[in-house]
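J.: One structure coming up, written as structure tokens, with questions to follow.
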Amino acid sequence: MPPNTVPVIRVFLSSPGDVNDERQIAIRHMEWLANFRLFRNRMHLQIIAWDDPKYSTAMRASLTPQEAINRGLARPSQCDIVLVIFWSRMGTPFTHTDGVEYLSGTHWELLDALSSPTTQTVIYRRTEKRLFEDDDEEGRTQYRRVKNFFASDLFYKDGKIVRAVHEYATPSDFEALFGEQFVELIQNILDDQAQTHAIIQRTQDHPPSAHARIITSV
């Protein structure tokens with residue numbers, strides 16, 4: 001990265017449709033942080049959130065929402081940070097163009113993010129109990145699907161936790177949790193980029209001699 005270049009940090013926001021409060025909290029915090037004096041001249045923050053008018057992509061009626069996202073926005077695995085939020089809904093089952101079935105578009109987005117070694121993926125889960133009307137069988141089914149999902153081997157293996165989940169009770173709790181964690185995420189990325197640039201700069205300033213001995217490990 002050239003010394004005068006301000007890096008673009010891309011953040012993908014993913015969730016089913018029942019955590020709108022948390023999505024708005026996250027977007028508000030990210031917009032504030034992008035203009036905070038400590039970071040204002042050090043980065044550009046690009047928020048990718050398909051269901052927000054400011055960050056969405058046009059979707060034709062002939063396409064599924066997931067296909068439209070894939071065509072119009074960066075994939076989660078192409079972003080620096082992916083934030084995934086769950087509560088009582090898993091979402092609508094979704095079949096990818098390659099024929100693989102997913103529990104929902106959010107499920108696909110999470111797995112795509114986890115496939116990238118350079119993407120920092122943070123998973124949040126709201127633990128507040130959801131109340132349903134007597135005739136809301138679909139709501140109860142969705143709730144069970146979320147519980148089964150978090151009990152799957154994506155999170156547990158041989159009785160051990162294999163993936164971190166940040167739990168919170170209410171949107172207010174999420175705001176306190178997210179506000180602190182997101183600043184740390186951004187700072188870590190900027191520190192890593194600065195360190196990488198310093199290494200590249202030192203290499204350019206002091207290239208190895210043509211007679212330098214190359215050491216390899218066996």
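In the structure tokens, each chain is lettered A, B, ... as it comes, each chain's residues begin at 1, and ligands are numbered from 1 in order of appearance.
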So that I can see what lies close to Leu114 in chain A, please list as a ChimeraX atom specification the residues with an atom at most 12 Å from it, counting only C-alpha atoms and leaving out residues fewer than 3 positions away in the same chain.

T.: /A:75-84,107-111,117-123,154,163

J.: So that I can check the surroundings of range 175-183 of chain A, please list as a compact mmCIF listing (two decimals) with C-alpha atoms, in the first residue's frame every protein, DNA and RNA residue that reaches within 8 Å of it, counting only C-alpha atoms and ignoring chain neighbours fewer than 2 positions away.

T.:
```txt
# COMPACT_ATOMS: atom_id res chain seq x y z
CA GLU A 22 -29.29 -4.64 15.72
CA ILE A 25 -27.29 -0.10 15.59
CA ALA A 26 -24.36 -1.66 13.75
CA HIS A 29 -21.86 2.77 14.89
CA LEU A 33 -16.61 5.45 13.48
CA TYR A 168 -26.37 -10.81 24.16
CA PRO A 171 -30.54 -4.72 21.35
CA SER A 172 -29.25 -2.38 24.07
CA ASP A 173 -26.82 -5.07 25.18
CA LEU A 185 -11.56 -5.02 14.83
CA ILE A 186 -10.83 -1.88 12.82
CA GLN A 187 -7.74 -1.05 14.84
```

J.: Suppose you want the space between CA of Arg144 in chain A and CA of Thr170 in chain A; what is it in Å?

T.: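 Those two atoms sit 19.5 Å apart.
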
J.: Measure the distance from CA of Pro7 in chain A to CA of Tyr124 in chain A in Å and round it to one decimal.

T.: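 Computing the Euclidean distance for CA of Pro7 in chain A and CA of Tyr124 in chain A yields 26.3 Å.
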
J.: Range 75-169 of chain A: which residues are alpha helix (DSSP H) by DSSP, as number ranges by chain?

T.: A: 105-114, 137-150

J.: Can you spit out the residues from that selection as a short mmCIF file (atom, residue, chain, number, x, y, z; two decimals), in the first residue's frame, using N, CA and C atoms?

T.:
```
data_model
loop_
_atom_site.label_atom_id
_atom_site.label_comp_id
_atom_site.auth_asym_id
_atom_site.auth_seq_id
_atom_site.Cartn_x
_atom_site.Cartn_y
_atom_site.Cartn_z
N GLY A 105 -30.13 -17.80 3.04
CA GLY A 105 -29.09 -16.97 2.46
C GLY A 105 -28.05 -16.57 3.50
N THR A 106 -28.50 -16.32 4.73
CA THR A 106 -27.57 -15.97 5.80
C THR A 106 -26.61 -17.12 6.08
N HIS A 107 -27.12 -18.34 6.04
CA HIS A 107 -26.27 -19.53 6.23
C HIS A 107 -25.18 -19.57 5.16
N TRP A 108 -25.56 -19.34 3.91
CA TRP A 108 -24.57 -19.33 2.83
C TRP A 108 -23.54 -18.22 3.04
N GLU A 109 -24.01 -17.03 3.41
CA GLU A 109 -23.09 -15.91 3.62
C GLU A 109 -22.08 -16.21 4.72
N LEU A 110 -22.55 -16.84 5.79
CA LEU A 110 -21.65 -17.19 6.89
C LEU A 110 -20.59 -18.19 6.43
N LEU A 111 -21.01 -19.25 5.74
CA LEU A 111 -20.05 -20.25 5.28
C LEU A 111 -19.07 -19.66 4.26
N ASP A 112 -19.56 -18.78 3.41
CA ASP A 112 -18.67 -18.14 2.44
C ASP A 112 -17.63 -17.29 3.16
N ALA A 113 -18.05 -16.57 4.18
CA ALA A 113 -17.11 -15.76 4.96
C ALA A 113 -16.06 -16.63 5.64
N LEU A 114 -16.50 -17.74 6.22
CA LEU A 114 -15.59 -18.62 6.94
C LEU A 114 -14.60 -19.32 6.01
N GLU A 137 -47.09 -21.20 14.00
CA GLU A 137 -46.28 -22.41 13.92
C GLU A 137 -45.00 -22.17 13.12
N GLU A 138 -45.09 -21.30 12.11
CA GLU A 138 -43.90 -20.98 11.31
C GLU A 138 -42.83 -20.33 12.18
N GLY A 139 -43.25 -19.43 13.07
CA GLY A 139 -42.30 -18.78 13.96
C GLY A 139 -41.61 -19.78 14.87
N ARG A 140 -42.37 -20.72 15.40
CA ARG A 140 -41.78 -21.74 16.27
C ARG A 140 -40.81 -22.64 15.48
N THR A 141 -41.20 -22.95 14.25
CA THR A 141 -40.32 -23.78 13.41
C THR A 141 -39.00 -23.06 13.15
N GLN A 142 -39.08 -21.78 12.84
CA GLN A 142 -37.86 -21.00 12.62
C GLN A 142 -36.98 -20.98 13.87
N TYR A 143 -37.61 -20.83 15.01
CA TYR A 143 -36.88 -20.78 16.28
C TYR A 143 -36.13 -22.09 16.52
N ARG A 144 -36.81 -23.20 16.24
CA ARG A 144 -36.16 -24.51 16.41
C ARG A 144 -35.00 -24.67 15.44
N ARG A 145 -35.16 -24.17 14.24
CA ARG A 145 -34.08 -24.28 13.25
C ARG A 145 -32.83 -23.52 13.71
N VAL A 146 -33.04 -22.36 14.32
CA VAL A 146 -31.90 -21.60 14.84
C VAL A 146 -31.21 -22.37 15.96
N LYS A 147 -32.01 -22.93 16.87
CA LYS A 147 -31.42 -23.70 17.98
C LYS A 147 -30.64 -24.90 17.46
N ASN A 148 -31.20 -25.60 16.48
CA ASN A 148 -30.50 -26.76 15.91
C ASN A 148 -29.22 -26.33 15.19
N PHE A 149 -29.28 -25.19 14.54
CA PHE A 149 -28.11 -24.68 13.83
C PHE A 149 -26.96 -24.42 14.79
N PHE A 150 -27.26 -23.79 15.92
CA PHE A 150 -26.19 -23.47 16.87
C PHE A 150 -25.74 -24.69 17.68
#
```

J.: Got a sec: who's within 8 Å of Arg126 in chain A, counting only C-alpha atoms, leaving out chain neighbours fewer than 5 positions off, as a list in words?

T.: Ile85, Phe86, Trp87, Glu167, Tyr168, Ala169 and Thr170 of chain A

J.: Rank A:Val165, A:Leu190, A:Glu31, A:Ala151 by their smallest atom-to-atom distance to Val8 in chain A, using only C-alpha atoms, and report the top residue only.

T.: A:Leu190

J.: Considering only C-alpha atoms, return as a PyMOL selection string whatever protein or nucleic-acid residues lie within 10 Å of Val6 in chain A, sequence-local ones (same chain, fewer than 5 positions apart) excluded.

T.: chain A and resi 1+40-44

J.: Using the selection just defined, write its residues with N, CA and C atoms as a tab-separated table (two decimals), in the first residue's frame.

T.:
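again_21.tsv written:
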```
chain	number	residue	atom	x	y	z
A	1	MET	N	0.84	-1.19	0.00
A	1	MET	CA	0.00	0.00	0.00
A	1	MET	C	0.88	1.24	0.00
A	40	ARG	N	-10.74	8.97	10.77
A	40	ARG	CA	-11.28	9.64	9.59
A	40	ARG	C	-10.30	9.68	8.42
A	41	ASN	N	-9.05	9.95	8.70
A	41	ASN	CA	-8.05	10.07	7.64
A	41	ASN	C	-7.20	8.80	7.48
A	42	ARG	N	-7.61	7.74	8.17
A	42	ARG	CA	-6.82	6.51	8.12
A	42	ARG	C	-7.50	5.40	7.33
A	43	MET	N	-8.79	5.59	6.99
A	43	MET	CA	-9.49	4.52	6.28
A	43	MET	C	-10.76	5.06	5.63
A	44	HIS	N	-11.24	4.30	4.65
A	44	HIS	CA	-12.59	4.48	4.13
A	44	HIS	C	-13.35	3.20	4.47
```

J.: Between CA of Leu131 in chain A and CA of Ile27 in chain A, what is the distance in Å, rounded to a tenth?

T.: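 That distance, rounded to one decimal, is 26.6 Å.
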
J.: Write out as a list in words which residues come within 6 Å of Pro93 in chain A when counting only C-alpha atoms, dropping same-chain ones fewer than 2 positions away.

T.: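 Listed by chain and then number, they are Tyr102, Leu103 and Ser104 of chain A.
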
J.: Which of range 12-155 of chain A end up as strand (DSSP E or B) when DSSP is run on this backbone - answer as a VMD selection string?

T.: chain A and resid 12 to 14 44 to 48 81 to 86 94 to 95 101 to 102 120 to 126
